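Coordinates as given in start.cif (mmCIF, C-alpha atoms and all ligand atoms):
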data_start
#
loop_
_atom_site.group_PDB
_atom_site.id
_atom_site.type_symbol
_atom_site.label_atom_id
_atom_site.label_comp_id
_atom_site.auth_asym_id
_atom_site.auth_seq_id
_atom_site.Cartn_x
_atom_site.Cartn_y
_atom_site.Cartn_z
ATOM 1 C CA MET A 1 -22.963 -15.414 -29.789
ATOM 2 C CA ILE A 2 -24.246 -18.914 -30.513
ATOM 3 C CA ILE A 3 -27.148 -19.211 -32.966
ATOM 4 C CA ALA A 4 -28.978 -22.448 -33.785
ATOM 5 C CA VAL A 5 -30.802 -22.719 -37.120
ATOM 6 C CA THR A 6 -33.741 -24.972 -36.485
ATOM 7 C CA ASN A 7 -37.061 -26.417 -37.671
ATOM 8 C CA GLN A 8 -37.861 -30.080 -37.183
ATOM 9 C CA LYS A 9 -39.132 -30.351 -40.740
ATOM 10 C CA GLY A 10 -36.634 -31.482 -43.346
ATOM 11 C CA GLY A 11 -36.044 -29.616 -46.573
ATOM 12 C CA VAL A 12 -37.129 -26.166 -45.397
ATOM 13 C CA GLY A 13 -33.769 -24.479 -45.974
ATOM 14 C CA LYS A 14 -31.954 -24.843 -42.631
ATOM 15 C CA THR A 15 -28.641 -25.940 -44.090
ATOM 16 C CA THR A 16 -28.831 -23.480 -46.977
ATOM 17 C CA THR A 17 -29.529 -20.692 -44.498
ATOM 18 C CA THR A 18 -26.734 -21.745 -42.130
ATOM 19 C CA VAL A 19 -24.059 -22.014 -44.824
ATOM 20 C CA ASN A 20 -24.980 -18.762 -46.542
ATOM 21 C CA LEU A 21 -25.366 -16.735 -43.359
ATOM 22 C CA ALA A 22 -21.957 -18.047 -42.274
ATOM 23 C CA TYR A 23 -20.489 -16.684 -45.491
ATOM 24 C CA TYR A 24 -22.068 -13.229 -45.221
ATOM 25 C CA PHE A 25 -21.349 -12.875 -41.502
ATOM 26 C CA ALA A 26 -17.709 -13.656 -42.274
ATOM 27 C CA LYS A 27 -17.712 -11.155 -45.130
ATOM 28 C CA ALA A 28 -18.914 -8.550 -42.656
ATOM 29 C CA GLY A 29 -15.772 -9.151 -40.615
ATOM 30 C CA LYS A 30 -16.893 -11.791 -38.114
ATOM 31 C CA ARG A 31 -14.945 -14.913 -37.314
ATOM 32 C CA VAL A 32 -17.503 -17.649 -37.863
ATOM 33 C CA LEU A 33 -17.686 -21.272 -36.773
ATOM 34 C CA LEU A 34 -20.326 -23.511 -38.328
ATOM 35 C CA VAL A 35 -21.250 -26.555 -36.252
ATOM 36 C CA ASP A 36 -22.823 -29.300 -38.334
ATOM 37 C CA ALA A 37 -25.194 -30.996 -35.894
ATOM 38 C CA ASP A 38 -27.135 -32.985 -38.495
ATOM 39 C CA PRO A 39 -25.895 -36.578 -38.970
ATOM 40 C CA GLN A 40 -26.658 -36.177 -42.680
ATOM 41 C CA GLY A 41 -23.739 -33.768 -42.817
ATOM 42 C CA ASN A 42 -25.125 -31.585 -45.597
ATOM 43 C CA ALA A 43 -23.394 -28.466 -44.309
ATOM 44 C CA THR A 44 -20.101 -30.375 -44.150
ATOM 45 C CA SER A 45 -20.319 -31.498 -47.774
ATOM 46 C CA GLY A 46 -21.853 -28.174 -48.836
ATOM 47 C CA LEU A 47 -18.658 -26.494 -47.708
ATOM 48 C CA GLY A 48 -16.608 -28.820 -49.857
ATOM 49 C CA ILE A 49 -15.386 -31.160 -47.115
ATOM 50 C CA ASP A 50 -14.911 -34.859 -47.878
ATOM 51 C CA LYS A 51 -16.402 -36.675 -44.880
ATOM 52 C CA ARG A 52 -14.321 -39.795 -45.506
ATOM 53 C CA ALA A 53 -11.138 -37.816 -45.029
ATOM 54 C CA LEU A 54 -12.031 -36.446 -41.589
ATOM 55 C CA SER A 55 -9.881 -37.504 -38.668
ATOM 56 C CA ALA A 56 -12.340 -36.194 -36.054
ATOM 57 C CA SER A 57 -15.904 -34.917 -36.042
ATOM 58 C CA LEU A 58 -18.657 -33.561 -33.821
ATOM 59 C CA GLY A 59 -19.512 -37.059 -32.596
ATOM 60 C CA ASP A 60 -16.032 -37.476 -31.075
ATOM 61 C CA VAL A 61 -16.315 -34.067 -29.461
ATOM 62 C CA LEU A 62 -19.703 -34.827 -27.894
ATOM 63 C CA LEU A 63 -18.406 -38.109 -26.524
ATOM 64 C CA GLY A 64 -15.462 -36.257 -25.024
ATOM 65 C CA SER A 65 -12.732 -38.128 -26.866
ATOM 66 C CA VAL A 66 -11.538 -35.074 -28.838
ATOM 67 C CA ALA A 67 -11.537 -31.375 -27.875
ATOM 68 C CA ALA A 68 -13.660 -29.146 -30.130
ATOM 69 C CA ALA A 69 -10.591 -27.102 -31.081
ATOM 70 C CA GLN A 70 -8.943 -30.274 -32.395
ATOM 71 C CA ALA A 71 -11.845 -31.232 -34.626
ATOM 72 C CA ILE A 72 -12.375 -27.798 -36.207
ATOM 73 C CA ILE A 73 -11.162 -27.414 -39.782
ATOM 74 C CA ALA A 74 -10.844 -24.597 -42.303
ATOM 75 C CA THR A 75 -13.206 -24.489 -45.312
ATOM 76 C CA ASN A 76 -13.234 -23.051 -48.833
ATOM 77 C CA VAL A 77 -14.614 -19.892 -47.281
ATOM 78 C CA PRO A 78 -12.225 -17.383 -45.696
ATOM 79 C CA GLU A 79 -13.007 -16.778 -41.996
ATOM 80 C CA VAL A 80 -15.501 -19.648 -41.855
ATOM 81 C CA TRP A 81 -14.425 -22.689 -39.865
ATOM 82 C CA LEU A 82 -16.305 -25.944 -39.505
ATOM 83 C CA LEU A 83 -16.917 -28.469 -36.788
ATOM 84 C CA PRO A 84 -17.813 -31.220 -39.265
ATOM 85 C CA THR A 85 -20.002 -34.254 -38.936
ATOM 86 C CA THR A 86 -20.192 -37.777 -40.289
ATOM 87 C CA PRO A 87 -23.174 -40.179 -40.398
ATOM 88 C CA GLN A 88 -21.651 -41.778 -37.297
ATOM 89 C CA LEU A 89 -23.193 -38.898 -35.317
ATOM 90 C CA ALA A 90 -26.498 -40.797 -35.323
ATOM 91 C CA ASP A 91 -24.874 -43.615 -33.296
ATOM 92 C CA THR A 92 -23.188 -41.088 -31.055
ATOM 93 C CA GLU A 93 -26.581 -39.624 -30.256
ATOM 94 C CA ALA A 94 -27.823 -43.008 -29.083
ATOM 95 C CA GLN A 95 -24.733 -43.421 -26.899
ATOM 96 C CA LEU A 96 -25.188 -39.952 -25.460
ATOM 97 C CA ALA A 97 -28.797 -40.656 -24.550
ATOM 98 C CA ALA A 98 -27.575 -43.217 -22.047
ATOM 99 C CA GLY A 99 -24.852 -41.037 -20.555
ATOM 100 C CA ASP A 100 -24.393 -38.253 -18.011
ATOM 101 C CA GLN A 101 -24.862 -34.604 -18.828
ATOM 102 C CA ARG A 102 -26.517 -35.620 -22.026
ATOM 103 C CA PHE A 103 -28.240 -32.290 -22.564
ATOM 104 C CA SER A 104 -25.294 -29.966 -22.109
ATOM 105 C CA ARG A 105 -22.566 -31.771 -24.024
ATOM 106 C CA LEU A 106 -22.562 -29.319 -26.918
ATOM 107 C CA LYS A 107 -22.694 -26.292 -24.643
ATOM 108 C CA ASP A 108 -19.674 -27.555 -22.701
ATOM 109 C CA ALA A 109 -17.789 -28.335 -25.896
ATOM 110 C CA LEU A 110 -18.347 -24.858 -27.353
ATOM 111 C CA LYS A 111 -17.804 -22.861 -24.166
ATOM 112 C CA SER A 112 -14.087 -22.415 -24.598
ATOM 113 C CA LEU A 113 -14.494 -21.186 -28.184
ATOM 114 C CA LEU A 114 -16.241 -17.926 -27.355
ATOM 115 C CA ALA A 115 -13.685 -15.730 -25.667
ATOM 116 C CA PRO A 116 -15.169 -12.237 -25.457
ATOM 117 C CA GLY A 117 -12.583 -9.486 -25.692
ATOM 118 C CA GLU A 118 -9.482 -11.535 -26.203
ATOM 119 C CA SER A 119 -9.463 -13.175 -29.576
ATOM 120 C CA THR A 120 -7.257 -16.202 -29.921
ATOM 121 C CA ALA A 121 -6.564 -18.432 -32.899
ATOM 122 C CA GLN A 122 -9.519 -20.534 -31.773
ATOM 123 C CA SER A 123 -12.189 -18.103 -30.757
ATOM 124 C CA TYR A 124 -15.187 -17.028 -32.786
ATOM 125 C CA ASP A 125 -17.562 -14.082 -32.870
ATOM 126 C CA ILE A 126 -20.479 -16.138 -34.130
ATOM 127 C CA ILE A 127 -21.112 -19.866 -33.870
ATOM 128 C CA LEU A 128 -23.915 -21.138 -36.127
ATOM 129 C CA ILE A 129 -25.381 -24.583 -35.435
ATOM 130 C CA ASP A 130 -27.123 -26.414 -38.282
ATOM 131 C CA CYS A 131 -29.760 -28.571 -36.550
ATOM 132 C CA PRO A 132 -31.137 -31.938 -37.696
ATOM 133 C CA PRO A 133 -34.756 -32.221 -38.902
ATOM 134 C CA SER A 134 -36.091 -33.508 -35.581
ATOM 135 C CA LEU A 135 -36.565 -32.456 -31.979
ATOM 136 C CA SER A 136 -33.967 -34.992 -30.937
ATOM 137 C CA LEU A 137 -31.292 -34.955 -28.267
ATOM 138 C CA LEU A 138 -28.967 -33.165 -30.687
ATOM 139 C CA THR A 139 -31.520 -30.403 -31.187
ATOM 140 C CA VAL A 140 -32.020 -30.051 -27.446
ATOM 141 C CA ASN A 141 -28.233 -29.830 -27.059
ATOM 142 C CA ALA A 142 -28.238 -27.048 -29.651
ATOM 143 C CA PHE A 143 -31.048 -25.181 -27.833
ATOM 144 C CA ILE A 144 -29.144 -25.384 -24.571
ATOM 145 C CA ALA A 145 -25.897 -24.194 -26.127
ATOM 146 C CA ALA A 146 -27.521 -21.348 -28.082
ATOM 147 C CA ASP A 147 -28.264 -17.721 -27.247
ATOM 148 C CA LYS A 148 -30.615 -17.371 -30.208
ATOM 149 C CA LEU A 149 -32.649 -19.414 -32.670
ATOM 150 C CA ILE A 150 -33.242 -18.765 -36.349
ATOM 151 C CA MET A 151 -36.272 -20.584 -37.773
ATOM 152 C CA PRO A 152 -36.492 -20.979 -41.541
ATOM 153 C CA VAL A 153 -40.054 -21.601 -42.687
ATOM 154 C CA GLN A 154 -40.761 -22.839 -46.189
ATOM 155 C CA ALA A 155 -43.399 -20.953 -48.151
ATOM 156 C CA GLU A 156 -45.785 -23.879 -48.541
ATOM 157 C CA PHE A 157 -49.215 -24.849 -47.322
ATOM 158 C CA TYR A 158 -48.126 -26.683 -44.165
ATOM 159 C CA ALA A 159 -45.456 -24.143 -43.298
ATOM 160 C CA LEU A 160 -46.474 -23.559 -39.709
ATOM 161 C CA GLU A 161 -47.242 -27.150 -38.875
ATOM 162 C CA GLY A 162 -44.903 -28.389 -36.200
ATOM 163 C CA LEU A 163 -43.732 -24.951 -35.131
ATOM 164 C CA GLY A 164 -45.950 -25.173 -32.052
ATOM 165 C CA GLN A 165 -44.002 -28.218 -30.932
ATOM 166 C CA LEU A 166 -40.734 -26.435 -31.591
ATOM 167 C CA LEU A 167 -41.802 -23.445 -29.508
ATOM 168 C CA GLU A 168 -42.906 -25.814 -26.753
ATOM 169 C CA THR A 169 -39.436 -27.391 -26.734
ATOM 170 C CA MET A 170 -37.916 -23.919 -26.573
ATOM 171 C CA LYS A 171 -40.130 -23.075 -23.605
ATOM 172 C CA LEU A 172 -39.098 -26.215 -21.725
ATOM 173 C CA VAL A 173 -35.429 -25.512 -22.361
ATOM 174 C CA ARG A 174 -35.962 -21.956 -21.093
ATOM 175 C CA GLN A 175 -37.626 -23.134 -17.900
ATOM 176 C CA ARG A 176 -35.007 -25.694 -17.079
ATOM 177 C CA LEU A 177 -31.628 -25.043 -18.556
ATOM 178 C CA ASN A 178 -31.318 -21.934 -20.695
ATOM 179 C CA PRO A 179 -33.589 -19.088 -19.524
ATOM 180 C CA ALA A 180 -32.102 -16.560 -21.964
ATOM 181 C CA LEU A 181 -32.857 -18.505 -25.136
ATOM 182 C CA ASP A 182 -34.766 -16.380 -27.642
ATOM 183 C CA VAL A 183 -35.836 -16.333 -31.285
ATOM 184 C CA LEU A 184 -33.631 -14.024 -33.343
ATOM 185 C CA GLY A 185 -35.629 -14.368 -36.524
ATOM 186 C CA VAL A 186 -38.158 -16.369 -38.492
ATOM 187 C CA VAL A 187 -37.361 -16.362 -42.188
ATOM 188 C CA VAL A 188 -39.571 -17.421 -45.074
ATOM 189 C CA THR A 189 -37.642 -19.527 -47.603
ATOM 190 C CA MET A 190 -38.305 -20.764 -51.152
ATOM 191 C CA TYR A 191 -40.614 -17.820 -51.659
ATOM 192 C CA ASP A 192 -42.221 -17.598 -55.092
ATOM 193 C CA SER A 193 -43.495 -14.099 -55.734
ATOM 194 C CA ARG A 194 -45.703 -15.338 -58.597
ATOM 195 C CA THR A 195 -47.916 -17.350 -56.284
ATOM 196 C CA THR A 196 -50.453 -15.999 -53.855
ATOM 197 C CA LEU A 197 -49.667 -18.983 -51.611
ATOM 198 C CA SER A 198 -46.220 -17.554 -50.845
ATOM 199 C CA GLN A 199 -47.769 -14.219 -49.961
ATOM 200 C CA GLN A 200 -50.369 -15.940 -47.778
ATOM 201 C CA VAL A 201 -47.725 -17.919 -45.921
ATOM 202 C CA PHE A 202 -45.751 -14.739 -45.300
ATOM 203 C CA GLU A 203 -48.840 -13.023 -43.848
ATOM 204 C CA GLU A 204 -49.683 -16.059 -41.742
ATOM 205 C CA VAL A 205 -46.166 -16.252 -40.292
ATOM 206 C CA LYS A 206 -46.333 -12.515 -39.633
ATOM 207 C CA LYS A 207 -49.511 -12.995 -37.609
ATOM 208 C CA HIS A 208 -47.808 -15.551 -35.401
ATOM 209 C CA PHE A 209 -44.420 -13.847 -35.110
ATOM 210 C CA PRO A 210 -45.080 -10.127 -35.639
ATOM 211 C CA ASP A 211 -41.772 -8.965 -34.219
ATOM 212 C CA LYS A 212 -39.657 -11.972 -35.193
ATOM 213 C CA LEU A 213 -40.448 -12.354 -38.883
ATOM 214 C CA CYS A 214 -37.626 -11.108 -41.115
ATOM 215 C CA ALA A 215 -38.619 -8.601 -43.786
ATOM 216 C CA THR A 216 -36.126 -10.288 -46.112
ATOM 217 C CA VAL A 217 -37.567 -13.364 -47.812
ATOM 218 C CA ILE A 218 -35.446 -15.996 -49.542
ATOM 219 C CA PRO A 219 -36.723 -16.647 -53.072
ATOM 220 C CA ARG A 220 -36.742 -20.029 -54.719
ATOM 221 C CA ASN A 221 -33.556 -19.827 -56.764
ATOM 222 C CA VAL A 222 -31.773 -22.645 -58.552
ATOM 223 C CA ARG A 223 -28.335 -21.144 -57.807
ATOM 224 C CA LEU A 224 -28.935 -21.835 -54.109
ATOM 225 C CA ALA A 225 -29.528 -25.499 -54.884
ATOM 226 C CA GLU A 226 -26.518 -25.755 -57.208
ATOM 227 C CA ALA A 227 -23.904 -24.085 -55.003
ATOM 228 C CA PRO A 228 -23.461 -26.964 -52.463
ATOM 229 C CA SER A 229 -22.409 -29.405 -55.195
ATOM 230 C CA HIS A 230 -19.499 -27.053 -55.846
ATOM 231 C CA GLY A 231 -18.697 -26.963 -52.138
ATOM 232 C CA LEU A 232 -19.425 -23.245 -52.010
ATOM 233 C CA PRO A 233 -21.855 -20.776 -50.483
ATOM 234 C CA VAL A 234 -23.912 -19.052 -53.156
ATOM 235 C CA GLY A 235 -22.024 -15.795 -52.620
ATOM 236 C CA MET A 236 -18.866 -17.461 -53.978
ATOM 237 C CA TYR A 237 -20.659 -19.501 -56.627
ATOM 238 C CA ASP A 238 -22.808 -16.757 -58.190
ATOM 239 C CA ARG A 239 -22.686 -13.598 -56.151
ATOM 240 C CA TRP A 240 -25.166 -11.670 -58.308
ATOM 241 C CA SER A 241 -27.869 -14.347 -58.241
ATOM 242 C CA LYS A 242 -31.180 -13.566 -56.572
ATOM 243 C CA GLY A 243 -30.436 -16.135 -53.889
ATOM 244 C CA ALA A 244 -27.085 -14.576 -53.057
ATOM 245 C CA ARG A 245 -28.539 -11.086 -52.808
ATOM 246 C CA ALA A 246 -31.341 -12.334 -50.574
ATOM 247 C CA TYR A 247 -28.998 -14.037 -48.107
ATOM 248 C CA LYS A 248 -26.775 -10.969 -48.079
ATOM 249 C CA GLY A 249 -29.819 -8.901 -47.131
ATOM 250 C CA LEU A 250 -30.890 -11.414 -44.505
ATOM 251 C CA ALA A 251 -27.432 -11.405 -42.914
ATOM 252 C CA LYS A 252 -27.547 -7.615 -42.751
ATOM 253 C CA GLU A 253 -31.000 -7.616 -41.184
ATOM 254 C CA LEU A 254 -30.019 -10.193 -38.574
ATOM 255 C CA MET A 255 -26.766 -8.433 -37.684
ATOM 256 C CA LYS A 256 -28.744 -5.261 -37.106
ATOM 257 C CA ARG A 257 -31.037 -7.148 -34.734
ATOM 258 C CA LEU A 258 -28.038 -8.547 -32.894
ATOM 259 C CA GLU A 259 -26.561 -5.073 -32.472
ATOM 260 C CA GLN A 260 -29.858 -3.692 -31.184
ATOM 261 C CA ASN A 261 -30.010 -6.613 -28.788
ATOM 262 C CA THR A 262 -26.603 -5.812 -27.366
ATOM 263 C CA THR A 263 -27.489 -2.154 -26.983
ATOM 264 C CA THR A 264 -30.699 -2.934 -25.107
ATOM 265 C CA THR A 265 -28.942 -5.423 -22.856
ATOM 266 C CA ASN A 266 -26.232 -2.903 -22.076
ATOM 267 C CA SER A 267 -28.668 -0.102 -21.345
ATOM 268 C CA THR A 268 -30.758 -2.333 -19.064
ATOM 269 C CA LYS A 269 -27.622 -3.154 -17.143
ATOM 270 C CA ALA A 270 -26.593 0.493 -16.804
HETATM 271 N N1 LIG A 301 -34.342 -20.834 -51.682
HETATM 272 C C1 LIG A 301 -34.112 -21.986 -52.297
HETATM 273 N N2 LIG A 301 -34.316 -22.124 -53.632
HETATM 274 C C2 LIG A 301 -34.116 -23.293 -54.268
HETATM 275 N N3 LIG A 301 -33.683 -24.404 -53.652
HETATM 276 C C3 LIG A 301 -33.445 -24.344 -52.333
HETATM 277 C C4 LIG A 301 -33.643 -23.137 -51.584
HETATM 278 N N4 LIG A 301 -33.334 -23.387 -50.288
HETATM 279 C C5 LIG A 301 -32.947 -24.668 -50.224
HETATM 280 N N5 LIG A 301 -33.019 -25.266 -51.444
HETATM 281 C C6 LIG A 301 -32.751 -26.677 -51.763
HETATM 282 O O1 LIG A 301 -33.764 -27.446 -51.123
HETATM 283 C C7 LIG A 301 -33.221 -28.595 -50.502
HETATM 284 C C8 LIG A 301 -33.460 -28.538 -48.993
HETATM 285 O O2 LIG A 301 -32.767 -27.430 -48.444
HETATM 286 P P1 LIG A 301 -31.886 -27.563 -47.121
HETATM 287 O O3 LIG A 301 -31.255 -26.265 -46.869
HETATM 288 O O4 LIG A 301 -30.978 -28.743 -47.235
HETATM 289 O O5 LIG A 301 -33.021 -27.855 -46.058
HETATM 290 P P2 LIG A 301 -32.920 -28.502 -44.582
HETATM 291 O O6 LIG A 301 -31.538 -28.290 -44.085
HETATM 292 O O7 LIG A 301 -33.965 -27.770 -43.798
HETATM 293 O O8 LIG A 301 -33.258 -29.946 -44.744
HETATM 294 C C9 LIG A 301 -31.762 -28.614 -50.875
HETATM 295 O O9 LIG A 301 -31.590 -29.413 -52.013
HETATM 296 C C10 LIG A 301 -31.445 -27.155 -51.169
HETATM 297 O O10 LIG A 301 -30.382 -27.025 -52.091
HETATM 298 MG MG MG A 302 -30.162 -29.700 -43.366
#

Please express the file's structure as structure tokens.
Ligand SMILES: Nc1ncnc2c1ncn2[C@@H]1O[C@H](COP(=O)(O)OP(=O)(O)O)[C@@H](O)[C@H]1O
Ligand SMILES: [Mg+2]
Amino acid sequence: MIIAVTNQKGGVGKTTTTVNLAYYFAKAGKRVLLVDADPQGNATSGLGIDKRALSASLGDVLLGSVAAAQAIIATNVPEVWLLPTTPQLADTEAQLAAGDQRFSRLKDALKSLLAPGESTAQSYDIILIDCPPSLSLLTVNAFIAADKLIMPVQAEFYALEGLGQLLETMKLVRQRLNPALDVLGVVVTMYDSRTTLSQQVFEEVKKHFPDKLCATVIPRNVRLAEAPSHGLPVGMYDRWSKGARAYKGLAKELMKRLEQNTTTTNSTKA
């Protein structure tokens, strides 16, 4: 299962969501690979990895000079591996734009890492892709590689702005290259229960995505903002914080959806 965490707005909680879901999916017994597809590399540093010390990164993999399995490294988190990035990925993207197969590079690179049934030292149950804050070539690569999308939406006035464009991109990808792509969940982040604005945003998102909105909301919580500077997911930094409990609940809710998905697919096939 490959899941891309996406929203072309910056600062809405994509990276925070990716890192913390990776942790709780792994805690639930999954082997997890996090792919850092944002040249800013916040997920890479948020997992305690020093970018200057990397011998290979996602950019090399996309250009075909290194196999994905060679660039993957272990992290501070048990059962969470990382395909890291460096700022150089921005240049790589420009190079890719001029090359062949520019849309399916990531899909091809990740293909060998999902071996259903037989688990090897380099196969994963869940691959989470942290997308950049744009609808760039990297994002399109992520949409083509992914089975599902998770869309974090910040509880603020302009929350839904831009989502139309994102859904349009998803539609195009579906028509051309990845017909099965679907939204797994829309999650409201930085929710402040003391404000009516947060409540209004939740209701508004619910109107647009009645069956995709997650019941779990992520509160604004300073522990979530502090954890990355310690190179840890919040569950290892302060497991009883509100933020940690929220992401644990979100992971549970999403895993339930994934299971239901598999059951429906199986029963349609039968
Ligand atoms: N629920 C939250 N409560 C408090 N701070 C948060 C929360 N979610 C994210 N942040 C902080 O907000 C900033 C943007 O979040 P981030 O996950 O990096 O967004 P994105 O990846 O969409 O740009 C970061 O500094 C992060 O630590
Ligand atoms: Mg980010």

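When all atoms listed in the file are used to measure the gap to A:Lys107, the shortest distance among A:Leu138, A:Leu163, A:Ile73, A:Val5 belongs to A:Leu138.
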
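Between atom CA of A:Met190 and atom CA of A:Gly243 lies a distance of 9.5 Å.
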
Contacts to ligand LIG 301 (chain A) at 10 Å cut-off (only C-alpha atoms and all ligand atoms) as a PyMOL selection string = chain A and resi 5-20+38+40-43+46+130-133+151-155+188-192+217-229+242-244+246-247

For the structure shown, which residues end up in the PyMOL selection byres (((chain A and resi 55-58) around 7) and not hetatm)? Put them as a ChimeraX atom specification, please?
-> /A:53-54,59-62,71,83-86

Would you save the residues from that selection as a compact mmCIF listing (two decimals), in the coordinates of the input, using C-alpha atoms?
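Output file selection.txt is given in full below:
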# COMPACT_ATOMS: atom_id res chain seq x y z
CA ALA A 53 -11.14 -37.82 -45.03
CA LEU A 54 -12.03 -36.45 -41.59
CA GLY A 59 -19.51 -37.06 -32.60
CA ASP A 60 -16.03 -37.48 -31.08
CA VAL A 61 -16.32 -34.07 -29.46
CA LEU A 62 -19.70 -34.83 -27.89
CA ALA A 71 -11.84 -31.23 -34.63
CA LEU A 83 -16.92 -28.47 -36.79
CA PRO A 84 -17.81 -31.22 -39.26
CA THR A 85 -20.00 -34.25 -38.94
CA THR A 86 -20.19 -37.78 -40.29

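Applied to this file, the PyMOL selection byres (((chain A and resi 203-206) around 10) and not hetatm) selects the residues Val153, Ala155, Ala159, Leu160, Val186, Val187, Val188, Leu197, Ser198, Gln199, Gln200, Val201, Phe202, Lys207, His208, Phe209, Pro210, Asp211, Lys212, Leu213, Cys214 and Ala215 of chain A.
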
Find the smallest box with edges along x, y and z containing every listed atom of stretch 140-149 of chain A, then add 5 Å on each side and report centre and edge lengths in Å to one decimal, as JSON.
{"center_x": -29.3, "center_y": -23.7, "center_z": -28.6, "size_x": 16.8, "size_y": 22.7, "size_z": 18.1}

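Shortest atom-to-atom contact with A:Asp100 among A:Gln122, A:Gly64, A:Asp147, A:Lys171: A:Gly64, counting only C-alpha atoms.
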
With a distance cut-off of 8 Å and only C-alpha atoms, select the neighbouring residues of A:Asn141, excluding the residue or stretch itself and same-chain residues fewer than 6 positions from it, and output the selection as a list of chain:residue names.
-> A:Arg102, A:Phe103, A:Ser104, A:Arg105, A:Leu106, A:Lys107

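Across A:Gln70, A:Asn76, A:Leu63, A:Glu259, the tightest approach to A:Tyr237 is made by A:Asn76 when counting only C-alpha atoms.
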